[in-house]
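Data file: final_23.txt. Format and content: compact mmCIF, C-alpha atoms and all ligand atoms.
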```txt
# COMPACT_ATOMS: atom_id res chain seq x y z
CA MET A 1 0.00 0.00 0.00
CA ASN A 2 1.25 3.51 -0.84
CA PRO A 3 1.80 6.18 1.84
CA PRO A 4 -1.04 8.73 2.27
CA ALA A 5 -1.89 10.94 -0.70
CA ILE A 6 -3.80 14.17 -0.07
CA ALA A 7 -5.67 15.30 -3.20
CA ILE A 8 -6.42 19.02 -3.54
CA ASP A 9 -8.34 20.01 -6.66
CA GLY A 10 -10.08 23.17 -7.79
CA PRO A 11 -10.28 25.88 -10.44
CA ALA A 12 -7.57 28.46 -11.17
CA ALA A 13 -6.91 31.07 -8.46
CA SER A 14 -9.03 29.24 -5.88
CA GLY A 15 -6.15 29.38 -3.41
CA LYS A 16 -5.50 25.64 -3.61
CA SER A 17 -1.79 25.99 -4.31
CA THR A 18 -1.07 28.11 -1.23
CA VAL A 19 -3.27 25.90 0.91
CA ALA A 20 -1.74 22.66 -0.39
CA ARG A 21 1.78 23.95 0.23
CA LEU A 22 0.97 24.91 3.84
CA ILE A 23 -0.76 21.60 4.53
CA ALA A 24 2.27 19.71 3.18
CA ARG A 25 4.56 21.75 5.42
CA GLU A 26 2.45 21.18 8.52
CA LEU A 27 2.20 17.43 7.91
CA GLY A 28 5.81 17.03 6.75
CA TYR A 29 4.64 15.61 3.41
CA THR A 30 6.01 16.45 -0.06
CA PHE A 31 4.10 19.12 -1.99
CA ILE A 32 3.48 18.34 -5.66
CA ASN A 33 2.26 21.03 -8.04
CA THR A 34 0.90 19.14 -11.05
CA GLY A 35 -0.05 22.35 -12.90
CA ALA A 36 3.69 23.05 -13.15
CA MET A 37 4.15 19.69 -14.90
CA TYR A 38 1.59 20.60 -17.59
CA ARG A 39 3.05 24.10 -17.80
CA ALA A 40 6.57 22.70 -18.34
CA ILE A 41 5.36 20.70 -21.34
CA ALA A 42 3.56 23.77 -22.73
CA TRP A 43 6.74 25.81 -22.26
CA TYR A 44 8.93 23.20 -23.95
CA LEU A 45 6.58 23.04 -26.95
CA ALA A 46 6.67 26.83 -27.28
CA GLN A 47 10.50 26.69 -27.15
CA GLN A 48 10.48 24.15 -29.95
CA GLY A 49 8.00 26.18 -32.00
CA VAL A 50 5.47 23.34 -31.87
CA PRO A 51 1.87 24.64 -31.61
CA ALA A 52 -0.11 22.96 -28.83
CA THR A 53 -2.90 22.41 -31.35
CA ASP A 54 -0.64 20.11 -33.42
CA THR A 55 -1.59 17.04 -31.40
CA ASN A 56 0.41 14.57 -33.51
CA ALA A 57 3.61 16.61 -33.17
CA VAL A 58 3.05 16.95 -29.40
CA ILE A 59 2.56 13.19 -29.01
CA SER A 60 5.66 12.36 -31.03
CA LEU A 61 7.81 14.74 -28.91
CA LEU A 62 6.67 13.31 -25.57
CA PRO A 63 8.93 10.22 -25.24
CA GLY A 64 12.13 12.24 -25.75
CA ILE A 65 11.10 15.35 -23.86
CA PRO A 66 14.14 16.47 -21.78
CA LEU A 67 12.19 17.33 -18.63
CA GLN A 68 12.97 15.86 -15.22
CA PHE A 69 10.33 15.85 -12.51
CA GLY A 70 12.02 15.87 -9.13
CA LYS A 71 11.81 17.61 -5.76
CA GLU A 72 13.85 20.00 -3.64
CA ASN A 73 13.20 20.68 0.04
CA SER A 74 10.01 18.59 -0.13
CA ILE A 75 8.57 20.62 -3.02
CA SER A 76 8.23 19.29 -6.57
CA THR A 77 10.50 20.77 -9.24
CA VAL A 78 10.76 20.56 -13.01
CA LEU A 79 14.20 20.68 -14.61
CA CYS A 80 15.03 21.08 -18.28
CA GLY A 81 18.59 20.12 -19.16
CA GLY A 82 19.51 20.46 -15.47
CA ARG A 83 18.02 23.99 -15.16
CA LYS A 84 15.09 24.51 -12.80
CA LEU A 85 12.07 26.07 -14.52
CA THR A 86 10.43 28.85 -12.50
CA THR A 87 9.29 32.13 -14.11
CA GLU A 88 9.18 30.38 -17.50
CA LEU A 89 6.11 28.51 -16.31
CA THR A 90 3.91 31.60 -16.05
CA LEU A 91 4.88 33.24 -19.34
CA PRO A 92 1.87 34.43 -21.40
CA ALA A 93 2.63 31.83 -24.10
CA VAL A 94 2.36 29.12 -21.45
CA ASN A 95 -0.83 30.54 -19.86
CA ASP A 96 -2.42 30.66 -23.29
CA SER A 97 -1.55 27.13 -24.41
CA VAL A 98 -1.46 25.02 -21.26
CA SER A 99 -5.12 24.00 -21.19
CA VAL A 100 -4.86 22.87 -24.84
CA VAL A 101 -1.81 20.77 -23.95
CA ALA A 102 -3.57 19.40 -20.85
CA ALA A 103 -6.52 18.21 -22.93
CA ILE A 104 -4.37 15.73 -24.91
CA PRO A 105 -4.97 12.25 -23.44
CA GLU A 106 -1.40 11.10 -24.24
CA VAL A 107 0.05 14.06 -22.32
CA ARG A 108 -2.15 13.21 -19.34
CA ALA A 109 -1.16 9.52 -19.44
CA PHE A 110 2.53 10.52 -19.59
CA LEU A 111 2.21 12.78 -16.54
CA LEU A 112 -0.14 10.47 -14.62
CA GLN A 113 2.63 7.92 -14.36
CA LYS A 114 5.11 10.54 -13.05
CA GLN A 115 2.54 11.88 -10.56
CA ARG A 116 1.83 8.45 -9.10
CA GLU A 117 5.58 7.76 -8.94
CA TYR A 118 5.98 10.53 -6.33
CA ASN A 119 3.66 8.71 -3.93
CA LYS A 120 5.34 5.29 -4.17
CA SER A 121 7.87 6.02 -1.45
CA GLU A 122 6.50 9.01 0.45
CA PRO A 123 3.32 10.79 1.54
CA VAL A 124 2.31 13.67 -0.72
CA VAL A 125 -0.03 16.63 -0.90
CA MET A 126 -0.79 16.93 -4.61
CA GLU A 127 -2.73 19.77 -6.16
CA GLY A 128 -4.33 19.93 -9.59
CA ARG A 129 -7.60 19.32 -11.38
CA ASP A 130 -7.99 15.53 -11.48
CA ILE A 131 -6.05 14.35 -8.44
CA GLY A 132 -9.06 13.03 -6.52
CA SER A 133 -10.92 11.83 -9.60
CA VAL A 134 -8.11 10.18 -11.62
CA VAL A 135 -4.63 10.25 -10.07
CA PHE A 136 -5.57 8.89 -6.62
CA PRO A 137 -9.20 7.77 -6.94
CA ASP A 138 -8.85 5.49 -3.87
CA THR A 139 -7.47 8.03 -1.41
CA PRO A 140 -9.83 8.97 1.41
CA PHE A 141 -8.25 12.46 1.53
CA LYS A 142 -9.94 14.48 -1.22
CA TYR A 143 -10.64 18.22 -1.09
CA PHE A 144 -12.21 20.42 -3.75
CA VAL A 145 -11.16 24.00 -3.04
CA THR A 146 -13.09 26.77 -4.73
CA ALA A 147 -14.14 30.44 -4.41
CA SER A 148 -16.59 32.75 -6.14
CA PRO A 149 -15.58 34.05 -9.61
CA GLU A 150 -15.18 37.58 -8.15
CA VAL A 151 -12.88 36.43 -5.36
CA ARG A 152 -10.80 34.31 -7.75
CA ALA A 153 -10.41 37.19 -10.21
CA ALA A 154 -9.28 39.46 -7.36
CA ARG A 155 -6.77 36.86 -6.12
CA ARG A 156 -5.35 36.48 -9.63
CA ALA A 157 -4.98 40.24 -10.01
CA ALA A 158 -3.24 40.41 -6.62
CA GLN A 159 -0.67 37.94 -7.98
CA GLY A 160 0.01 40.45 -10.75
CA LEU A 161 -1.37 38.06 -13.38
CA THR A 162 -3.91 39.04 -15.99
CA ASP A 163 -4.49 35.75 -17.83
CA SER A 164 -8.03 34.69 -18.62
CA ILE A 165 -8.78 32.19 -15.86
CA ASP A 166 -12.45 31.90 -16.92
CA GLU A 167 -11.51 30.65 -20.33
CA ARG A 168 -8.93 28.23 -18.93
CA ASP A 169 -11.44 26.87 -16.40
CA LYS A 170 -14.02 26.45 -19.14
CA ASN A 171 -11.53 24.43 -21.21
CA ASP A 172 -10.45 22.41 -18.19
CA ARG A 173 -14.05 21.59 -17.20
CA SER A 174 -15.20 20.69 -20.68
CA ARG A 175 -12.36 18.48 -21.94
CA ARG A 176 -13.17 14.83 -22.44
CA CYS A 177 -10.14 13.34 -20.68
CA ALA A 178 -9.93 13.86 -16.91
CA PRO A 179 -11.82 17.17 -16.73
CA LEU A 180 -11.72 19.52 -13.75
CA THR A 181 -14.37 18.03 -11.51
CA GLN A 182 -15.21 17.49 -7.88
CA ALA A 183 -14.86 13.79 -7.06
CA PRO A 184 -18.15 12.56 -5.53
CA ASP A 185 -16.39 11.74 -2.25
CA ALA A 186 -14.38 15.01 -2.05
CA LEU A 187 -15.05 17.58 0.68
CA LEU A 188 -16.09 20.89 -0.92
CA VAL A 189 -14.31 23.88 0.64
CA ASP A 190 -15.60 27.28 -0.48
CA THR A 191 -12.84 29.67 0.54
CA SER A 192 -14.58 32.90 -0.59
CA ALA A 193 -15.06 34.16 2.96
CA MET A 194 -12.27 32.24 4.71
CA THR A 195 -8.69 33.11 5.57
CA ILE A 196 -5.91 30.85 4.29
CA ASP A 197 -5.25 29.72 7.85
CA GLN A 198 -8.91 28.74 8.35
CA VAL A 199 -8.87 26.67 5.16
CA VAL A 200 -5.62 24.95 6.13
CA GLN A 201 -6.91 24.13 9.62
CA LEU A 202 -10.24 22.81 8.32
CA ILE A 203 -8.51 20.42 5.91
CA ILE A 204 -5.80 19.38 8.38
CA ASN A 205 -8.45 18.57 11.01
CA ASP A 206 -10.26 16.37 8.50
CA ILE A 207 -7.02 14.61 7.49
CA ARG A 208 -6.07 13.98 11.15
CA LEU A 209 -9.52 12.61 11.94
CA LYS A 210 -9.27 10.19 9.02
CA LEU A 211 -5.68 9.20 9.82
CA ALA A 212 -6.73 8.35 13.38
CA ARG A 213 -9.46 5.95 12.24
O1 LIG A 301 -2.74 24.87 -11.54
P1 LIG A 301 -2.30 25.64 -12.79
O2 LIG A 301 -3.13 26.85 -13.07
O3 LIG A 301 -0.84 25.93 -12.76
O4 LIG A 301 -2.56 24.61 -14.00
C1 LIG A 301 -2.22 24.94 -15.31
C2 LIG A 301 -3.11 24.17 -16.28
O5 LIG A 301 -2.80 22.79 -16.23
C3 LIG A 301 -4.60 24.30 -16.03
O6 LIG A 301 -5.20 25.11 -17.01
C4 LIG A 301 -5.15 22.92 -16.16
C5 LIG A 301 -3.97 22.01 -16.29
N1 LIG A 301 -3.94 21.00 -15.23
C6 LIG A 301 -4.64 19.85 -15.45
O7 LIG A 301 -5.31 19.72 -16.47
N2 LIG A 301 -4.58 18.84 -14.55
C7 LIG A 301 -3.87 18.98 -13.41
N3 LIG A 301 -3.83 17.97 -12.53
C8 LIG A 301 -3.18 20.18 -13.15
C9 LIG A 301 -3.25 21.20 -14.08
```

Turn the structure described in the file into structure tokens.
Amino acid sequence: MNPPAIAIDGPAASGKSTVARLIARELGYTFINTGAMYRAIAWYLAQQGVPATDTNAVISLLPGIPLQFGKENSISTVLCGGRKLTTELTLPAVNDSVSVVAAIPEVRAFLLQKQREYNKSEPVVMEGRDIGSVVFPDTPFKYFVTASPEVRAARRAAQGLTDSIDERDKNDRSRRCAPLTQAPDALLVDTSAMTIDQVVQLIINDIRLKLAR
């Protein structure tokens, strides 16, 4: 049996990343940002001049893609040719193409394997869109973190980002393969009127209750 996997899903700018990172720190688990994995592929394609809409070209590049998915200080990292990708992952070209890349079933299958790999030897807090529904469907620790569209837009603006989260969410919800969805057994956490600390404590309390069973 694998160590515990905490699944945190939700739409863009719902606060799930911050919350997942803090929960991982409090529990001493590794934090895995799966959005960064999709973003790294989108970035690499842009570097190569391959349009995300050219599905056949994307699929044929995948096996030789020079990306390494690792971790540093209990936080997931993506390296390309030994260089850690950071600001590259939020470039406008990446924001614009990532949900097209993430809709390709072969890309998802490629990353699914890497995501599950992280949990083979250690407990993880993994955030994304399909963690509770597809990556770890059997985990009892599933949380769907959301907020009203107004609050999410304000949070995005506060990050200094102006990408169209509505359009990305629409794409992510409507794709055929592993869409953004709340797993039926996930706890819904509407963070619109909550502080980050309140959200973290609510989820940690639920995890501890379940771990004690
Ligand atoms: O969490 P993020 O905004 O960095 O994610 C970037 C994109 O990647 C998002 O538009 C949807 C996609 N994604 C996904 O399809 N599945 C995941 N588990 C994580 C992200």

Do you know which residues lie at most 12 Å from (-3.6, 9.2, -7.3), with coordinates as in the file and all atoms listed in the file counted, and could you write them as a PDB file with C-alpha atoms, keeping the file's coordinate frame?
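To be explicit, this is the file written out as result.pdb:
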```pdb
ATOM      1  CA  ASN A   2       1.250   3.510  -0.840  1.00  0.00           C
ATOM      2  CA  PRO A   3       1.800   6.180   1.840  1.00  0.00           C
ATOM      3  CA  PRO A   4      -1.040   8.730   2.270  1.00  0.00           C
ATOM      4  CA  ALA A   5      -1.890  10.940  -0.700  1.00  0.00           C
ATOM      5  CA  ILE A   6      -3.800  14.170  -0.070  1.00  0.00           C
ATOM      6  CA  ALA A   7      -5.670  15.300  -3.200  1.00  0.00           C
ATOM      7  CA  ILE A   8      -6.420  19.020  -3.540  1.00  0.00           C
ATOM      8  CA  ASP A   9      -8.340  20.010  -6.660  1.00  0.00           C
ATOM      9  CA  ILE A  32       3.480  18.340  -5.660  1.00  0.00           C
ATOM     10  CA  THR A  34       0.900  19.140 -11.050  1.00  0.00           C
ATOM     11  CA  LEU A 111       2.210  12.780 -16.540  1.00  0.00           C
ATOM     12  CA  LEU A 112      -0.140  10.470 -14.620  1.00  0.00           C
ATOM     13  CA  GLN A 113       2.630   7.920 -14.360  1.00  0.00           C
ATOM     14  CA  LYS A 114       5.110  10.540 -13.050  1.00  0.00           C
ATOM     15  CA  GLN A 115       2.540  11.880 -10.560  1.00  0.00           C
ATOM     16  CA  ARG A 116       1.830   8.450  -9.100  1.00  0.00           C
ATOM     17  CA  GLU A 117       5.580   7.760  -8.940  1.00  0.00           C
ATOM     18  CA  TYR A 118       5.980  10.530  -6.330  1.00  0.00           C
ATOM     19  CA  ASN A 119       3.660   8.710  -3.930  1.00  0.00           C
ATOM     20  CA  LYS A 120       5.340   5.290  -4.170  1.00  0.00           C
ATOM     21  CA  PRO A 123       3.320  10.790   1.540  1.00  0.00           C
ATOM     22  CA  VAL A 124       2.310  13.670  -0.720  1.00  0.00           C
ATOM     23  CA  VAL A 125      -0.030  16.630  -0.900  1.00  0.00           C
ATOM     24  CA  MET A 126      -0.790  16.930  -4.610  1.00  0.00           C
ATOM     25  CA  GLU A 127      -2.730  19.770  -6.160  1.00  0.00           C
ATOM     26  CA  GLY A 128      -4.330  19.930  -9.590  1.00  0.00           C
ATOM     27  CA  ARG A 129      -7.600  19.320 -11.380  1.00  0.00           C
ATOM     28  CA  ASP A 130      -7.990  15.530 -11.480  1.00  0.00           C
ATOM     29  CA  ILE A 131      -6.050  14.350  -8.440  1.00  0.00           C
ATOM     30  CA  GLY A 132      -9.060  13.030  -6.520  1.00  0.00           C
ATOM     31  CA  SER A 133     -10.920  11.830  -9.600  1.00  0.00           C
ATOM     32  CA  VAL A 134      -8.110  10.180 -11.620  1.00  0.00           C
ATOM     33  CA  VAL A 135      -4.630  10.250 -10.070  1.00  0.00           C
ATOM     34  CA  PHE A 136      -5.570   8.890  -6.620  1.00  0.00           C
ATOM     35  CA  PRO A 137      -9.200   7.770  -6.940  1.00  0.00           C
ATOM     36  CA  ASP A 138      -8.850   5.490  -3.870  1.00  0.00           C
ATOM     37  CA  THR A 139      -7.470   8.030  -1.410  1.00  0.00           C
ATOM     38  CA  PRO A 140      -9.830   8.970   1.410  1.00  0.00           C
ATOM     39  CA  PHE A 141      -8.250  12.460   1.530  1.00  0.00           C
ATOM     40  CA  LYS A 142      -9.940  14.480  -1.220  1.00  0.00           C
TER      41      LYS A 142
END
```

Open item on the list: Need to verify the contact set: stretch 89-105 of chain A, 9 Å, all atoms listed in the file, exclusion of same-chain residues closer than 4 positions in sequence. Can you return it as number ranges by chain?
Closed with: A: 35-36, 38-43, 46, 51-53, 55, 58-59, 85, 109-110, 161, 163-164, 168-169, 171-172, 175-179

Task: Between atom C7 of ligand LIG 301 (chain A) and atom CA of A:Asp190, distance in Å (one decimal) - done: 19.3 Å

- [ ] List the neighbours of A:Ala147 out to 7 Å using all atoms listed in the file; skip same-chain residues closer than 5 positions along the sequence, and give me the result as JSON, numbers by chain.
- [x] {"A": [14, 152, 190, 191, 192]}

Open item on the list: Report, in Å with one decimal, the straight-line distance from atom CA of A:Ile203 to atom CA of A:Thr18.
Closed with: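 Computed distance, atom CA of A:Ile203 to atom CA of A:Thr18, equals 12.9 Å.
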
Let me have the centre and edge lengths in Å, one decimal, of the box along x, y and z around every listed atom of ligand LIG 301 (chain A) with 5 Å of margin on each side, as JSON.
```
{"center_x": -3.1, "center_y": 22.4, "center_z": -14.3, "size_x": 14.5, "size_y": 18.9, "size_z": 15.5}
```

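The smallest atom-to-atom distance between ligand LIG 301 (chain A) and any of A:Cys80, A:Ala20, A:Ala158, A:Ile165, using all atoms listed in the file, is found for A:Ile165.
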
Open item on the list: Can you measure atom CA of A:Ala154 to atom CA of A:Thr77 for me? One decimal in Å is fine.
Closed with: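 Atom CA of A:Thr77 lies at a distance of 27.3 Å from atom CA of A:Ala154.
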
Open item on the list: When you count all atoms listed in the file, which of these residues is closest to ligand LIG 301 (chain A): A:Leu180, A:Ala186, A:Val50, A:Ile23?
Closed with: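 For ligand LIG 301 (chain A), the nearest of the given residues is A:Leu180.
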
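Minimum atom-to-atom distance to ligand LIG 301 (chain A), evaluated using all atoms listed in the file, belongs to A:Val107 out of A:Leu61, A:Val107, A:Ile75, A:Leu209.
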
Complete stretch 50-61 of chain A with all heavy atoms (output as a compact mmCIF listing (two decimals), in the frame of the given file).
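See selection-v4.txt below for the written result:
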```
# COMPACT_ATOMS: atom_id res chain seq x y z
N VAL A 50 6.53 24.30 -31.54
CA VAL A 50 5.47 23.34 -31.87
C VAL A 50 4.14 23.87 -31.30
O VAL A 50 4.02 24.04 -30.09
CB VAL A 50 5.77 21.95 -31.25
CG1 VAL A 50 4.61 20.98 -31.46
CG2 VAL A 50 7.06 21.39 -31.82
N PRO A 51 3.15 24.14 -32.15
CA PRO A 51 1.87 24.64 -31.61
C PRO A 51 1.16 23.54 -30.81
O PRO A 51 1.17 22.37 -31.22
CB PRO A 51 1.06 24.99 -32.86
CG PRO A 51 1.94 24.76 -34.04
CD PRO A 51 3.14 23.98 -33.60
N ALA A 52 0.57 23.94 -29.68
CA ALA A 52 -0.11 22.96 -28.83
C ALA A 52 -1.27 22.30 -29.56
O ALA A 52 -1.69 21.20 -29.21
CB ALA A 52 -0.61 23.66 -27.57
N THR A 53 -1.77 22.96 -30.59
CA THR A 53 -2.90 22.41 -31.35
C THR A 53 -2.46 21.30 -32.31
O THR A 53 -3.29 20.57 -32.83
CB THR A 53 -3.57 23.53 -32.17
OG1 THR A 53 -2.53 24.28 -32.81
CG2 THR A 53 -4.39 24.45 -31.28
N ASP A 54 -1.14 21.17 -32.53
CA ASP A 54 -0.64 20.11 -33.42
C ASP A 54 -0.46 18.83 -32.59
O ASP A 54 0.65 18.46 -32.19
CB ASP A 54 0.68 20.56 -34.06
CG ASP A 54 1.16 19.59 -35.14
OD1 ASP A 54 0.61 18.47 -35.20
OD2 ASP A 54 2.07 19.96 -35.89
N THR A 55 -1.58 18.18 -32.34
CA THR A 55 -1.59 17.04 -31.40
C THR A 55 -0.59 15.96 -31.80
O THR A 55 0.12 15.41 -30.94
CB THR A 55 -3.02 16.44 -31.35
OG1 THR A 55 -3.92 17.52 -31.09
CG2 THR A 55 -3.16 15.42 -30.24
N ASN A 56 -0.51 15.64 -33.10
CA ASN A 56 0.41 14.57 -33.51
C ASN A 56 1.86 14.92 -33.20
O ASN A 56 2.63 14.08 -32.74
CB ASN A 56 0.26 14.26 -35.01
CG ASN A 56 -1.06 13.56 -35.27
OD1 ASN A 56 -1.62 12.93 -34.36
ND2 ASN A 56 -1.58 13.71 -36.48
N ALA A 57 2.23 16.18 -33.45
CA ALA A 57 3.61 16.61 -33.17
C ALA A 57 3.87 16.57 -31.66
O ALA A 57 4.94 16.13 -31.21
CB ALA A 57 3.83 18.02 -33.70
N VAL A 58 2.88 16.97 -30.86
CA VAL A 58 3.05 16.95 -29.40
C VAL A 58 3.28 15.50 -28.94
O VAL A 58 4.22 15.20 -28.20
CB VAL A 58 1.81 17.55 -28.68
CG1 VAL A 58 1.94 17.41 -27.17
CG2 VAL A 58 1.61 19.01 -29.07
N ILE A 59 2.46 14.59 -29.45
CA ILE A 59 2.56 13.19 -29.01
C ILE A 59 3.92 12.60 -29.41
O ILE A 59 4.54 11.88 -28.64
CB ILE A 59 1.40 12.36 -29.62
CG1 ILE A 59 0.07 12.85 -29.02
CG2 ILE A 59 1.59 10.87 -29.37
CD1 ILE A 59 -1.17 12.29 -29.70
N SER A 60 4.40 12.97 -30.60
CA SER A 60 5.66 12.36 -31.03
C SER A 60 6.85 12.95 -30.26
O SER A 60 7.87 12.28 -30.11
CB SER A 60 5.86 12.48 -32.54
OG SER A 60 5.94 13.83 -32.88
N LEU A 61 6.71 14.14 -29.71
CA LEU A 61 7.81 14.74 -28.91
C LEU A 61 7.89 14.15 -27.50
O LEU A 61 8.95 14.16 -26.88
CB LEU A 61 7.58 16.25 -28.78
CG LEU A 61 8.25 17.17 -29.79
CD1 LEU A 61 7.90 18.61 -29.49
CD2 LEU A 61 9.77 17.01 -29.73
```
